[in-house]
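Student: Have a look at the structure that comes next, please.
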Amino acid sequence: MSGFNSHMDRALAEARAAAARGEVPVGAVVVDPGGAVVASAGNRTRELNDPTAHAEMLALRAACRAAGSERLPGHSLYVTLEPCTMCAAAIGFARIARLCYGAADPKSGGVAQGPQVFAHPQAHHVPEVYGGIGEAEAEALLKDFFGGLRVAGGC
């Protein structure tokens, strides 16, 4: 897949920017069928006081606005952490064709872990899913972020 790593690099940059803002370091990038980046975002739940302001949700919202549609057929989503159940459902509703994620999320993941949204018989749409893309760097960002919180007593 063309651009596989470069798009994850952009998602990782969004994750680093989120960490710099004090947000959990997760980044997401939406790419159109031609390979152009149409939206990118990092977590902003704390900044916006919005529990739905996950990187995936923000990137999907921006991409849908740009497309003028609630559906993004043929698009790919690159995200640094396995999407949670909420985000996995939104990915399905948006009809994303391809989901590429970095680190697995054994605690809150909704794709390969936990509820496995796309394996459910009522899933409206099932994208191609590729895990482990940029996994080492994504995991390191998360470990550093949460390690820093523990040291500071903020977790």
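Starting from 1 in every chain, residues are counted up; chains themselves are A, B, ... following the order of the structure tokens, and ligands are numbered from 1 as listed.
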Please identify all polymer residues within 12 Å of Asp9 (chain A), counting only C-alpha atoms, omitting same-chain residues fewer than 3 positions from it, and present them as a list in words.
Tutor: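 Using only C-alpha atoms, the neighbours found are Gly3, Phe4, Asn5, Ser6, Leu12, Ala13, Glu14, Ala15, Arg16, Gly27, Ala28, Val29, Ser40, Tyr78, Val79, Thr80, Cys100, Tyr101, Gly102, Ile133, Gly134, Glu135, Glu137 and Ala138 of chain A.
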Student: With only C-alpha atoms as the counted atoms, please give the residues lying no more than 8 Å from region 81-96 of chain A, apart from itself and same-chain residues fewer than 6 positions off, as number ranges by chain.
Tutor: A: 26-27, 54, 56-57, 60, 70-75, 102-105, 108-112, 115-118, 123-127, 131, 138
Student: Can those selected residues be exported to a file as a short mmCIF file (atom, residue, chain, number, x, y, z; two decimals), in the first residue's frame so that it contains N, CA and C atoms?
Tutor:
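The resulting file, again-v3.cif, is reproduced below:
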data_model
loop_
_atom_site.label_atom_id
_atom_site.label_comp_id
_atom_site.auth_asym_id
_atom_site.auth_seq_id
_atom_site.Cartn_x
_atom_site.Cartn_y
_atom_site.Cartn_z
N VAL A 26 -2.66 10.42 21.00
CA VAL A 26 -3.23 9.64 19.91
C VAL A 26 -3.44 10.58 18.74
N GLY A 27 -3.04 10.13 17.55
CA GLY A 27 -3.22 10.92 16.34
C GLY A 27 -3.88 10.11 15.26
N HIS A 54 -11.99 12.34 20.46
CA HIS A 54 -10.86 11.45 20.16
C HIS A 54 -10.30 11.84 18.80
N GLU A 56 -9.62 10.10 16.19
CA GLU A 56 -10.36 9.50 15.08
C GLU A 56 -11.64 10.27 14.79
N MET A 57 -12.38 10.61 15.84
CA MET A 57 -13.65 11.31 15.67
C MET A 57 -13.43 12.69 15.03
N LEU A 60 -12.40 12.18 11.37
CA LEU A 60 -13.55 11.77 10.56
C LEU A 60 -14.50 12.93 10.32
N GLU A 70 -21.57 12.25 4.88
CA GLU A 70 -21.32 11.52 6.12
C GLU A 70 -20.59 10.20 5.87
N ARG A 71 -20.33 9.89 4.61
CA ARG A 71 -19.67 8.64 4.26
C ARG A 71 -18.39 8.93 3.49
N LEU A 72 -17.40 8.08 3.74
CA LEU A 72 -16.08 8.25 3.12
C LEU A 72 -15.64 6.95 2.44
N PRO A 73 -16.39 6.47 1.46
CA PRO A 73 -16.01 5.21 0.81
C PRO A 73 -14.66 5.34 0.11
N GLY A 74 -13.87 4.30 0.22
CA GLY A 74 -12.55 4.30 -0.41
C GLY A 74 -11.46 4.97 0.40
N HIS A 75 -11.82 5.66 1.46
CA HIS A 75 -10.85 6.36 2.30
C HIS A 75 -10.18 5.41 3.29
N GLY A 102 -1.64 1.62 15.01
CA GLY A 102 -0.33 1.30 15.57
C GLY A 102 -0.41 0.35 16.74
N ALA A 103 -0.51 0.88 17.94
CA ALA A 103 -0.49 0.08 19.16
C ALA A 103 -1.85 -0.55 19.43
N ALA A 104 -1.82 -1.78 19.93
CA ALA A 104 -3.04 -2.43 20.41
C ALA A 104 -3.44 -1.77 21.72
N ASP A 105 -4.73 -1.82 22.04
CA ASP A 105 -5.23 -1.26 23.29
C ASP A 105 -6.00 -2.34 24.06
N SER A 108 -8.95 -0.69 26.36
CA SER A 108 -10.10 0.04 25.82
C SER A 108 -10.32 -0.16 24.33
N GLY A 109 -9.54 -1.02 23.69
CA GLY A 109 -9.70 -1.23 22.25
C GLY A 109 -11.04 -1.84 21.90
N GLY A 110 -11.53 -1.52 20.72
CA GLY A 110 -12.82 -2.04 20.28
C GLY A 110 -12.75 -2.77 18.96
N VAL A 111 -11.53 -2.97 18.45
CA VAL A 111 -11.37 -3.60 17.14
C VAL A 111 -10.85 -5.03 17.29
N ALA A 112 -9.63 -5.18 17.79
CA ALA A 112 -9.04 -6.50 17.99
C ALA A 112 -9.23 -6.99 19.42
N PRO A 115 -14.86 -5.58 22.62
CA PRO A 115 -16.08 -5.92 21.89
C PRO A 115 -15.88 -6.30 20.42
N GLN A 116 -14.73 -6.03 19.86
CA GLN A 116 -14.44 -6.39 18.47
C GLN A 116 -15.62 -6.00 17.55
N VAL A 117 -15.85 -4.71 17.47
CA VAL A 117 -17.00 -4.14 16.78
C VAL A 117 -17.19 -4.70 15.37
N PHE A 118 -16.12 -4.84 14.62
CA PHE A 118 -16.27 -5.26 13.23
C PHE A 118 -16.55 -6.75 13.08
N ALA A 123 -22.62 -5.40 12.55
CA ALA A 123 -21.75 -4.36 12.00
C ALA A 123 -22.28 -3.96 10.62
N HIS A 124 -22.50 -2.65 10.45
CA HIS A 124 -23.01 -2.15 9.17
C HIS A 124 -21.98 -2.23 8.06
N HIS A 125 -20.73 -2.09 8.43
CA HIS A 125 -19.63 -2.05 7.45
C HIS A 125 -18.37 -2.55 8.15
N VAL A 126 -17.59 -3.33 7.44
CA VAL A 126 -16.35 -3.86 8.00
C VAL A 126 -15.18 -3.44 7.10
N PRO A 127 -14.32 -2.54 7.61
CA PRO A 127 -13.16 -2.13 6.81
C PRO A 127 -12.08 -3.21 6.83
N GLY A 131 -3.21 -3.90 11.86
CA GLY A 131 -2.67 -3.44 13.14
C GLY A 131 -1.16 -3.51 13.15
N ALA A 138 4.34 4.32 18.61
CA ALA A 138 3.06 4.66 19.23
C ALA A 138 3.03 4.20 20.69
#
Student: DSSP on the backbone, alpha helix (DSSP H) only: what residues of region 6-150 of chain A does that give? Format it as a PyMOL selection string.
Tutor: chain A and resi 6-20+45-48+55-67+85-93+135-150
Student: For the residues selected in the previous step, produce a file with C-alpha atoms as a PDB file, in the first residue's frame.
Tutor:
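Contents of again_34.pdb, freshly written:
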ATOM      1  CA  SER A   6       4.321   8.027   5.691  1.00  0.00           C
ATOM      2  CA  HIS A   7       0.658   8.360   6.659  1.00  0.00           C
ATOM      3  CA  MET A   8       1.351   6.710  10.012  1.00  0.00           C
ATOM      4  CA  ASP A   9       4.263   9.125  10.447  1.00  0.00           C
ATOM      5  CA  ARG A  10       1.765  11.978  10.086  1.00  0.00           C
ATOM      6  CA  ALA A  11      -0.555  10.328  12.640  1.00  0.00           C
ATOM      7  CA  LEU A  12       2.401   9.984  15.020  1.00  0.00           C
ATOM      8  CA  ALA A  13       3.165  13.691  14.571  1.00  0.00           C
ATOM      9  CA  GLU A  14      -0.445  14.457  15.550  1.00  0.00           C
ATOM     10  CA  ALA A  15      -0.013  12.202  18.608  1.00  0.00           C
ATOM     11  CA  ARG A  16       3.158  14.043  19.649  1.00  0.00           C
ATOM     12  CA  ALA A  17       1.322  17.374  19.282  1.00  0.00           C
ATOM     13  CA  ALA A  18      -1.530  16.042  21.427  1.00  0.00           C
ATOM     14  CA  ALA A  19       0.954  15.034  24.145  1.00  0.00           C
ATOM     15  CA  ALA A  20       2.487  18.507  24.034  1.00  0.00           C
ATOM     16  CA  THR A  45     -10.850  15.660  24.958  1.00  0.00           C
ATOM     17  CA  ARG A  46      -9.392  17.784  27.752  1.00  0.00           C
ATOM     18  CA  GLU A  47      -9.002  20.951  25.722  1.00  0.00           C
ATOM     19  CA  LEU A  48     -12.580  20.804  24.436  1.00  0.00           C
ATOM     20  CA  ALA A  55      -8.380  11.875  17.306  1.00  0.00           C
ATOM     21  CA  GLU A  56     -10.358   9.501  15.077  1.00  0.00           C
ATOM     22  CA  MET A  57     -13.651  11.314  15.669  1.00  0.00           C
ATOM     23  CA  LEU A  58     -12.136  14.732  14.970  1.00  0.00           C
ATOM     24  CA  ALA A  59     -10.404  13.519  11.802  1.00  0.00           C
ATOM     25  CA  LEU A  60     -13.555  11.766  10.558  1.00  0.00           C
ATOM     26  CA  ARG A  61     -15.656  14.880  11.211  1.00  0.00           C
ATOM     27  CA  ALA A  62     -13.208  17.078   9.291  1.00  0.00           C
ATOM     28  CA  ALA A  63     -12.960  14.606   6.406  1.00  0.00           C
ATOM     29  CA  CYS A  64     -16.755  14.331   6.159  1.00  0.00           C
ATOM     30  CA  ARG A  65     -17.080  18.132   6.143  1.00  0.00           C
ATOM     31  CA  ALA A  66     -14.475  18.324   3.363  1.00  0.00           C
ATOM     32  CA  ALA A  67     -16.264  15.616   1.358  1.00  0.00           C
ATOM     33  CA  THR A  85     -15.711   1.036  20.643  1.00  0.00           C
ATOM     34  CA  MET A  86     -17.113   4.536  19.984  1.00  0.00           C
ATOM     35  CA  CYS A  87     -14.525   5.278  17.318  1.00  0.00           C
ATOM     36  CA  ALA A  88     -14.819   1.825  15.720  1.00  0.00           C
ATOM     37  CA  ALA A  89     -18.574   2.334  15.358  1.00  0.00           C
ATOM     38  CA  ALA A  90     -18.013   5.762  13.773  1.00  0.00           C
ATOM     39  CA  ILE A  91     -15.443   4.246  11.390  1.00  0.00           C
ATOM     40  CA  GLY A  92     -18.052   1.723  10.284  1.00  0.00           C
ATOM     41  CA  PHE A  93     -20.792   4.355   9.928  1.00  0.00           C
ATOM     42  CA  GLU A 135       3.487   0.176  16.816  1.00  0.00           C
ATOM     43  CA  ALA A 136       6.801   0.634  18.638  1.00  0.00           C
ATOM     44  CA  GLU A 137       6.758   4.437  18.384  1.00  0.00           C
ATOM     45  CA  ALA A 138       3.056   4.658  19.230  1.00  0.00           C
ATOM     46  CA  GLU A 139       3.557   2.495  22.325  1.00  0.00           C
ATOM     47  CA  ALA A 140       6.598   4.513  23.375  1.00  0.00           C
ATOM     48  CA  LEU A 141       4.627   7.786  23.143  1.00  0.00           C
ATOM     49  CA  LEU A 142       1.882   6.368  25.340  1.00  0.00           C
ATOM     50  CA  LYS A 143       4.278   4.853  27.889  1.00  0.00           C
ATOM     51  CA  ASP A 144       6.254   8.094  28.152  1.00  0.00           C
ATOM     52  CA  PHE A 145       3.094  10.149  28.557  1.00  0.00           C
ATOM     53  CA  PHE A 146       1.538   7.969  31.254  1.00  0.00           C
ATOM     54  CA  GLY A 147       4.921   7.436  32.939  1.00  0.00           C
ATOM     55  CA  GLY A 148       5.279  11.200  33.219  1.00  0.00           C
ATOM     56  CA  LEU A 149       1.835  11.477  34.778  1.00  0.00           C
ATOM     57  CA  ARG A 150       2.670   8.828  37.375  1.00  0.00           C
TER      58      ARG A 150
END
Student: DSSP on the backbone, strand (DSSP E) only: what residues of chain A does that give? Format it as a PyMOL selection string.
Tutor: chain A and resi 27-31+37-42+76-81+98-103+128-130
Student: Take the residues that were just selected and, keeping N, CA and C atoms, output them as a CSV table (one decimal), in the first residue's frame.
Tutor:
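Now in out-v4.csv:
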chain,number,residue,atom,x,y,z
A,27,GLY,N,-3.0,10.1,17.6
A,27,GLY,CA,-3.2,10.9,16.3
A,27,GLY,C,-3.9,10.1,15.3
A,28,ALA,N,-4.6,10.8,14.4
A,28,ALA,CA,-5.3,10.1,13.3
A,28,ALA,C,-5.2,10.9,12.0
A,29,VAL,N,-5.2,10.2,10.9
A,29,VAL,CA,-5.1,10.8,9.6
A,29,VAL,C,-6.1,10.1,8.6
A,30,VAL,N,-6.9,10.9,7.9
A,30,VAL,CA,-7.8,10.3,6.9
A,30,VAL,C,-7.2,10.6,5.5
A,31,VAL,N,-7.1,9.6,4.7
A,31,VAL,CA,-6.5,9.6,3.4
A,31,VAL,C,-7.6,9.2,2.3
A,37,VAL,N,-3.9,13.3,1.9
A,37,VAL,CA,-4.4,13.5,3.2
A,37,VAL,C,-5.5,14.5,3.2
A,38,VAL,N,-6.7,14.2,3.7
A,38,VAL,CA,-7.9,15.1,3.7
A,38,VAL,C,-8.2,15.6,5.1
A,39,ALA,N,-7.7,15.0,6.1
A,39,ALA,CA,-7.9,15.5,7.5
A,39,ALA,C,-6.9,14.8,8.4
A,40,SER,N,-6.5,15.5,9.5
A,40,SER,CA,-5.7,14.9,10.5
A,40,SER,C,-6.0,15.6,11.8
A,41,ALA,N,-5.8,14.8,12.9
A,41,ALA,CA,-6.2,15.4,14.2
A,41,ALA,C,-5.5,14.6,15.3
A,42,GLY,N,-5.4,15.2,16.5
A,42,GLY,CA,-4.9,14.6,17.7
A,42,GLY,C,-6.0,14.7,18.7
A,76,SER,N,-9.0,5.8,3.7
A,76,SER,CA,-8.3,5.1,4.7
A,76,SER,C,-8.1,5.9,6.0
A,77,LEU,N,-8.1,5.3,7.1
A,77,LEU,CA,-7.8,6.0,8.4
A,77,LEU,C,-6.6,5.4,9.0
A,78,TYR,N,-5.7,6.2,9.4
A,78,TYR,CA,-4.5,5.8,10.1
A,78,TYR,C,-4.6,6.4,11.5
A,79,VAL,N,-4.4,5.6,12.5
A,79,VAL,CA,-4.5,6.0,13.9
A,79,VAL,C,-3.5,5.3,14.7
A,80,THR,N,-2.9,6.0,15.6
A,80,THR,CA,-1.7,5.5,16.4
A,80,THR,C,-2.1,4.5,17.4
A,81,LEU,N,-3.4,4.4,17.8
A,81,LEU,CA,-3.8,3.5,18.9
A,81,LEU,C,-5.1,2.8,18.4
A,98,ARG,N,-10.4,1.3,4.9
A,98,ARG,CA,-9.2,0.7,5.4
A,98,ARG,C,-8.8,1.4,6.7
A,99,LEU,N,-8.6,0.6,7.8
A,99,LEU,CA,-8.2,1.1,9.0
A,99,LEU,C,-6.8,0.5,9.3
A,100,CYS,N,-5.8,1.4,9.5
A,100,CYS,CA,-4.5,1.0,9.9
A,100,CYS,C,-4.2,1.7,11.3
A,101,TYR,N,-3.8,0.8,12.3
A,101,TYR,CA,-3.5,1.4,13.6
A,101,TYR,C,-2.2,0.9,14.1
A,102,GLY,N,-1.6,1.6,15.0
A,102,GLY,CA,-0.3,1.3,15.6
A,102,GLY,C,-0.4,0.3,16.7
A,103,ALA,N,-0.5,0.9,17.9
A,103,ALA,CA,-0.5,0.1,19.2
A,103,ALA,C,-1.9,-0.5,19.4
A,128,GLU,N,-11.1,-3.1,5.9
A,128,GLU,CA,-9.9,-3.9,6.0
A,128,GLU,C,-9.2,-3.3,7.2
A,129,VAL,N,-8.6,-4.2,8.1
A,129,VAL,CA,-8.0,-3.7,9.3
A,129,VAL,C,-6.5,-4.2,9.3
A,130,TYR,N,-5.6,-3.3,9.5
A,130,TYR,CA,-4.2,-3.6,9.6
A,130,TYR,C,-3.7,-3.1,11.0
Student: Report the distance between CA of Gln122 (chain A) and CA of Lys107 (chain A) in Å, rounded to one decimal place.
Tutor: 22.8 Å
